[in-house]
Structures are given as C-alpha cells and as structure tokens.
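S.K.: For reference, the file input_14.cif (mmCIF, C-alpha atoms) is included below:
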```
data_run
#
loop_
_atom_site.group_PDB
_atom_site.id
_atom_site.type_symbol
_atom_site.label_atom_id
_atom_site.label_comp_id
_atom_site.auth_asym_id
_atom_site.auth_seq_id
_atom_site.Cartn_x
_atom_site.Cartn_y
_atom_site.Cartn_z
ATOM 1 C CA MET A 1 12.766 -8.996 4.809
ATOM 2 C CA VAL A 2 10.537 -7.406 7.440
ATOM 3 C CA GLU A 3 10.881 -3.617 7.615
ATOM 4 C CA THR A 4 9.826 -1.400 10.534
ATOM 5 C CA THR A 5 9.409 2.361 10.261
ATOM 6 C CA THR A 6 8.243 4.991 12.731
ATOM 7 C CA ASN A 7 6.888 8.458 12.164
ATOM 8 C CA GLY A 8 6.607 11.638 14.183
ATOM 9 C CA GLY A 9 2.878 11.057 14.688
ATOM 10 C CA GLY A 10 3.447 8.348 17.285
ATOM 11 C CA GLY A 11 2.852 5.418 14.944
ATOM 12 C CA GLU A 12 4.833 2.413 13.775
ATOM 13 C CA HIS A 13 4.561 0.468 10.513
ATOM 14 C CA VAL A 14 5.855 -3.084 10.048
ATOM 15 C CA THR A 15 5.957 -4.348 6.458
ATOM 16 C CA GLY A 16 6.125 -8.106 5.938
ATOM 17 C CA ASP A 17 7.817 -10.093 3.190
ATOM 18 C CA TRP A 18 6.139 -10.719 -0.151
ATOM 19 C CA PHE A 19 4.430 -14.109 -0.527
ATOM 20 C CA SER A 20 2.474 -15.708 -3.356
ATOM 21 C CA VAL A 21 -0.865 -17.217 -4.206
ATOM 22 C CA PRO A 22 -1.628 -18.173 -7.830
ATOM 23 C CA GLU A 23 -1.092 -15.090 -10.055
ATOM 24 C CA LEU A 24 -0.773 -12.652 -7.118
ATOM 25 C CA ARG A 25 1.924 -11.278 -4.814
ATOM 26 C CA LEU A 26 0.873 -10.233 -1.329
ATOM 27 C CA ARG A 27 2.421 -8.727 1.776
ATOM 28 C CA ASP A 28 1.089 -7.858 5.194
ATOM 29 C CA HIS A 29 1.275 -4.492 6.924
ATOM 30 C CA HIS A 30 0.859 -3.935 10.669
ATOM 31 C CA PHE A 31 0.354 -0.388 11.932
ATOM 32 C CA THR A 32 0.446 0.723 15.556
ATOM 33 C CA VAL A 33 -1.217 4.120 15.799
ATOM 34 C CA PRO A 34 -2.579 6.420 18.510
ATOM 35 C CA LEU A 35 -6.240 5.881 19.299
ATOM 36 C CA ASP A 36 -6.692 9.664 19.421
ATOM 37 C CA TYR A 37 -4.238 11.917 17.578
ATOM 38 C CA SER A 38 -5.412 14.950 19.567
ATOM 39 C CA LEU A 39 -3.866 13.476 22.749
ATOM 40 C CA ASP A 40 -0.209 13.358 23.795
ATOM 41 C CA ASN A 41 1.444 10.483 21.874
ATOM 42 C CA ARG A 42 3.392 9.387 24.956
ATOM 43 C CA THR A 43 0.265 8.740 27.029
ATOM 44 C CA CYS A 44 -2.404 8.021 24.414
ATOM 45 C CA PRO A 45 -3.522 4.371 24.076
ATOM 46 C CA LYS A 46 -2.375 2.702 20.858
ATOM 47 C CA ILE A 47 -4.276 0.364 18.550
ATOM 48 C CA SER A 48 -3.014 -2.145 15.978
ATOM 49 C CA VAL A 49 -4.336 -2.096 12.425
ATOM 50 C CA PHE A 50 -3.719 -4.883 9.889
ATOM 51 C CA ALA A 51 -3.862 -4.543 6.097
ATOM 52 C CA ARG A 52 -2.873 -6.838 3.226
ATOM 53 C CA GLU A 53 -1.425 -5.456 -0.023
ATOM 54 C CA MET A 54 -1.982 -7.306 -3.327
ATOM 55 C CA VAL A 55 -0.510 -6.839 -6.815
ATOM 56 C CA SER A 56 -0.220 -8.984 -9.935
ATOM 57 C CA VAL A 57 2.946 -11.088 -10.173
ATOM 58 C CA GLY A 58 5.843 -8.963 -11.427
ATOM 59 C CA LYS A 59 4.343 -5.632 -10.317
ATOM 60 C CA GLU A 60 5.775 -5.590 -6.785
ATOM 61 C CA GLU A 61 8.280 -2.806 -7.534
ATOM 62 C CA GLN A 62 6.128 -0.781 -9.944
ATOM 63 C CA SER A 63 4.698 2.576 -8.907
ATOM 64 C CA LEU A 64 0.967 1.841 -8.867
ATOM 65 C CA PRO A 65 -1.924 3.845 -7.385
ATOM 66 C CA TYR A 66 -3.627 2.403 -4.303
ATOM 67 C CA LEU A 67 -7.138 0.979 -4.208
ATOM 68 C CA LEU A 68 -8.514 0.500 -0.680
ATOM 69 C CA TYR A 69 -11.204 -2.179 -0.661
ATOM 70 C CA LEU A 70 -13.629 -1.944 2.258
ATOM 71 C CA GLN A 71 -15.966 -4.924 2.260
ATOM 72 C CA GLY A 72 -18.659 -6.209 4.522
ATOM 73 C CA GLY A 73 -19.984 -4.513 7.583
ATOM 74 C CA PRO A 74 -20.530 -5.366 11.219
ATOM 75 C CA GLY A 75 -20.342 -9.130 11.463
ATOM 76 C CA PHE A 76 -19.107 -9.719 7.917
ATOM 77 C CA GLU A 77 -15.566 -10.690 7.037
ATOM 78 C CA CYS A 78 -13.313 -9.394 4.295
ATOM 79 C CA LYS A 79 -12.400 -12.693 2.638
ATOM 80 C CA ARG A 80 -8.709 -13.209 1.937
ATOM 81 C CA PRO A 81 -7.985 -14.194 -1.664
ATOM 82 C CA THR A 82 -6.362 -17.534 -2.384
ATOM 83 C CA GLU A 83 -5.954 -16.828 -6.111
ATOM 84 C CA ALA A 84 -6.531 -14.129 -8.725
ATOM 85 C CA GLY A 85 -10.069 -14.156 -10.008
ATOM 86 C CA GLY A 86 -13.009 -11.874 -10.717
ATOM 87 C CA TRP A 87 -12.496 -8.208 -9.932
ATOM 88 C CA ILE A 88 -9.268 -8.904 -7.985
ATOM 89 C CA SER A 89 -7.434 -10.100 -11.095
ATOM 90 C CA LYS A 90 -8.237 -6.929 -13.064
ATOM 91 C CA ALA A 91 -7.725 -4.534 -10.147
ATOM 92 C CA CYS A 92 -4.303 -5.979 -9.264
ATOM 93 C CA GLU A 93 -3.048 -5.351 -12.809
ATOM 94 C CA GLU A 94 -3.480 -1.587 -12.403
ATOM 95 C CA TYR A 95 -3.522 -0.933 -8.630
ATOM 96 C CA ARG A 96 -2.028 -1.918 -5.297
ATOM 97 C CA VAL A 97 -5.172 -3.348 -3.735
ATOM 98 C CA ILE A 98 -5.297 -2.895 0.043
ATOM 99 C CA LEU A 99 -7.588 -5.109 2.134
ATOM 100 C CA MET A 100 -8.097 -3.807 5.672
ATOM 101 C CA ASP A 101 -9.015 -5.968 8.626
ATOM 102 C CA GLN A 102 -12.041 -3.893 9.580
ATOM 103 C CA ALA A 103 -13.445 -6.422 12.039
ATOM 104 C CA CYS A 104 -10.310 -6.312 14.161
ATOM 105 C CA CYS A 105 -10.314 -2.491 14.151
ATOM 106 C CA PHE A 106 -13.920 -2.465 15.341
ATOM 107 C CA GLU A 107 -13.178 -4.946 18.143
ATOM 108 C CA VAL A 108 -10.277 -2.818 19.371
ATOM 109 C CA LEU A 109 -12.468 0.286 19.498
ATOM 110 C CA LEU A 110 -15.142 -1.580 21.462
ATOM 111 C CA ARG A 111 -12.526 -2.674 23.972
ATOM 112 C CA PHE A 112 -11.431 0.935 24.571
ATOM 113 C CA LYS A 113 -15.023 2.172 24.750
ATOM 114 C CA SER A 114 -15.762 -0.281 27.574
ATOM 115 C CA MET A 115 -12.795 0.952 29.669
#
```
Please render this file's structure as structure tokens.

M.R.:
Amino acid sequence: MVETTTNGGGGEHVTGDWFSVPELRLRDHHFTVPLDYSLDNRTCPKISVFAREMVSVGKEEQSLPYLLYLQGGPGFECKRPTEAGGWISKACEEYRVILMDQACCFEVLLRFKSM
C-alpha cells in the first residue's frame, strides 16, 4: 500500500510497497522538498528526491538503524541491486540500507541554476 505523508516543513513523502529481489526486500521513497528551506514554503520551488530502502527478507518491520550509501560521483550511477551479494548482503542484515538517486538530484539543481 502506498502511503503519503506531509510535514510542516513544506515537504511530502510517498512510500511505495515492498517488493522482492533474491534475499532482499526493497521499497521506494519519493520526497518532494523545498529547494531552499530559508524561503517561504508557499512560493519556494520544490524538487523531487528518490531513494530506495533495502533490508534482508523478514526484517521489514524490525527497528533497524539506517545506513545511507552514497556511491559514485558526477557521471557515475548508483547501481540498483538485483540480488543480495557482497557488502549489501551483510549490511542489510543489520541496517536499513538507503540508496539515493544522486544523479537525479544533481540534474534538478542544474535545472534551477540555469533559470
């Protein structure tokens, strides 16, 4: 079930349904947030931020600490896992691993800078 929440800071958070790849459970998160929190939320441009949450199968409802994985750099992607393996397998046993779509965030900022 998709869940949408809003907060007093002018943002919105949409949480997707859980889905599976071998040995992992994943769900997508979409955030709409002000580009500049120092401006009036009603008139400030908004940007969309995407993140994917990963846990080991059976740990979806457990209270786990978060691990934000920032990978790559300008021009490099953050590969999306298709199965548990390597560091992801171990990390997802003990953490909620969050993969951010950094490339998309950077593109959005460039668009606003050129306005």

S.K.: Nearest to Leu35 (chain A): which of A:Trp18, A:Ser56, A:Phe50, A:Gly11 is it, counting all atoms listed in the file?

M.R.: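 Among A:Trp18, A:Ser56, A:Phe50, A:Gly11, it is A:Gly11 that comes nearest to Leu35 (chain A).
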
S.K.: Please check which residues have atoms at most 6 Å from (-1.3, -1.0, 15.2) in the file's coordinates, counting only C-alpha atoms, and write them as JSON, numbers by chain.

M.R.: {"A": [30, 31, 32, 33, 47, 48, 49]}

S.K.: Evaluated on this file, the PyMOL selection byres ((chain A and resi 44) around 12) picks out some residues - which ones are they, written as a list in words?

M.R.: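 On this input, the PyMOL selection byres ((chain A and resi 44) around 12) captures Gly9, Gly10, Gly11, Thr32, Val33, Pro34, Leu35, Asp36, Tyr37, Ser38, Leu39, Asp40, Asn41, Arg42, Thr43, Pro45, Lys46, Ile47 and Phe112 of chain A.
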
S.K.: Keeping only C-alpha atoms, take the residues you just selected and write them out as a PDB file, in the coordinates of the input.

M.R.:
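What follows is the written file part.pdb:
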```
ATOM      1  CA  GLY A   9       2.878  11.057  14.688  1.00  0.00           C
ATOM      2  CA  GLY A  10       3.447   8.348  17.285  1.00  0.00           C
ATOM      3  CA  GLY A  11       2.852   5.418  14.944  1.00  0.00           C
ATOM      4  CA  THR A  32       0.446   0.723  15.556  1.00  0.00           C
ATOM      5  CA  VAL A  33      -1.217   4.120  15.799  1.00  0.00           C
ATOM      6  CA  PRO A  34      -2.579   6.420  18.510  1.00  0.00           C
ATOM      7  CA  LEU A  35      -6.240   5.881  19.299  1.00  0.00           C
ATOM      8  CA  ASP A  36      -6.692   9.664  19.421  1.00  0.00           C
ATOM      9  CA  TYR A  37      -4.238  11.917  17.578  1.00  0.00           C
ATOM     10  CA  SER A  38      -5.412  14.950  19.567  1.00  0.00           C
ATOM     11  CA  LEU A  39      -3.866  13.476  22.749  1.00  0.00           C
ATOM     12  CA  ASP A  40      -0.209  13.358  23.795  1.00  0.00           C
ATOM     13  CA  ASN A  41       1.444  10.483  21.874  1.00  0.00           C
ATOM     14  CA  ARG A  42       3.392   9.387  24.956  1.00  0.00           C
ATOM     15  CA  THR A  43       0.265   8.740  27.029  1.00  0.00           C
ATOM     16  CA  PRO A  45      -3.522   4.371  24.076  1.00  0.00           C
ATOM     17  CA  LYS A  46      -2.375   2.702  20.858  1.00  0.00           C
ATOM     18  CA  ILE A  47      -4.276   0.364  18.550  1.00  0.00           C
ATOM     19  CA  PHE A 112     -11.431   0.935  24.571  1.00  0.00           C
TER      20      PHE A 112
END
```

S.K.: CA of Met100 (chain A) and CA of Leu68 (chain A), how far apart in Å?

M.R.: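 Spanning CA of Leu68 (chain A) to CA of Met100 (chain A) is a straight-line distance of 7.7 Å.
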
S.K.: Rank A:Tyr95, A:Lys90, A:Asp101, A:Glu12 by their smallest atom-to-atom distance to Glu61 (chain A), using only C-alpha atoms, and report the top residue only.

M.R.: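 Closest residue, counting only C-alpha atoms: A:Tyr95.
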
S.K.: In Å, rounded to a single decimal, give me how far CA of Val57 (chain A) is from CA of Thr15 (chain A).

M.R.: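 Atom-to-atom, CA of Thr15 (chain A) to CA of Val57 (chain A), that is 18.2 Å.
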
S.K.: Using all atoms listed in the file, which residue out of A:Val14, A:Ala84, A:Leu24, A:Ile98 lies closest to Gly58 (chain A)?

M.R.: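 Once distances to Gly58 (chain A) are computed over all atoms listed in the file, the minimum belongs to A:Leu24.
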
S.K.: Between A:Asp28, A:Pro22, A:Leu70, A:Gly85, single out the one closest to Glu53 (chain A), counting only C-alpha atoms.

M.R.: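 Nearest candidate to Glu53 (chain A) out of A:Asp28, A:Pro22, A:Leu70, A:Gly85: A:Asp28.
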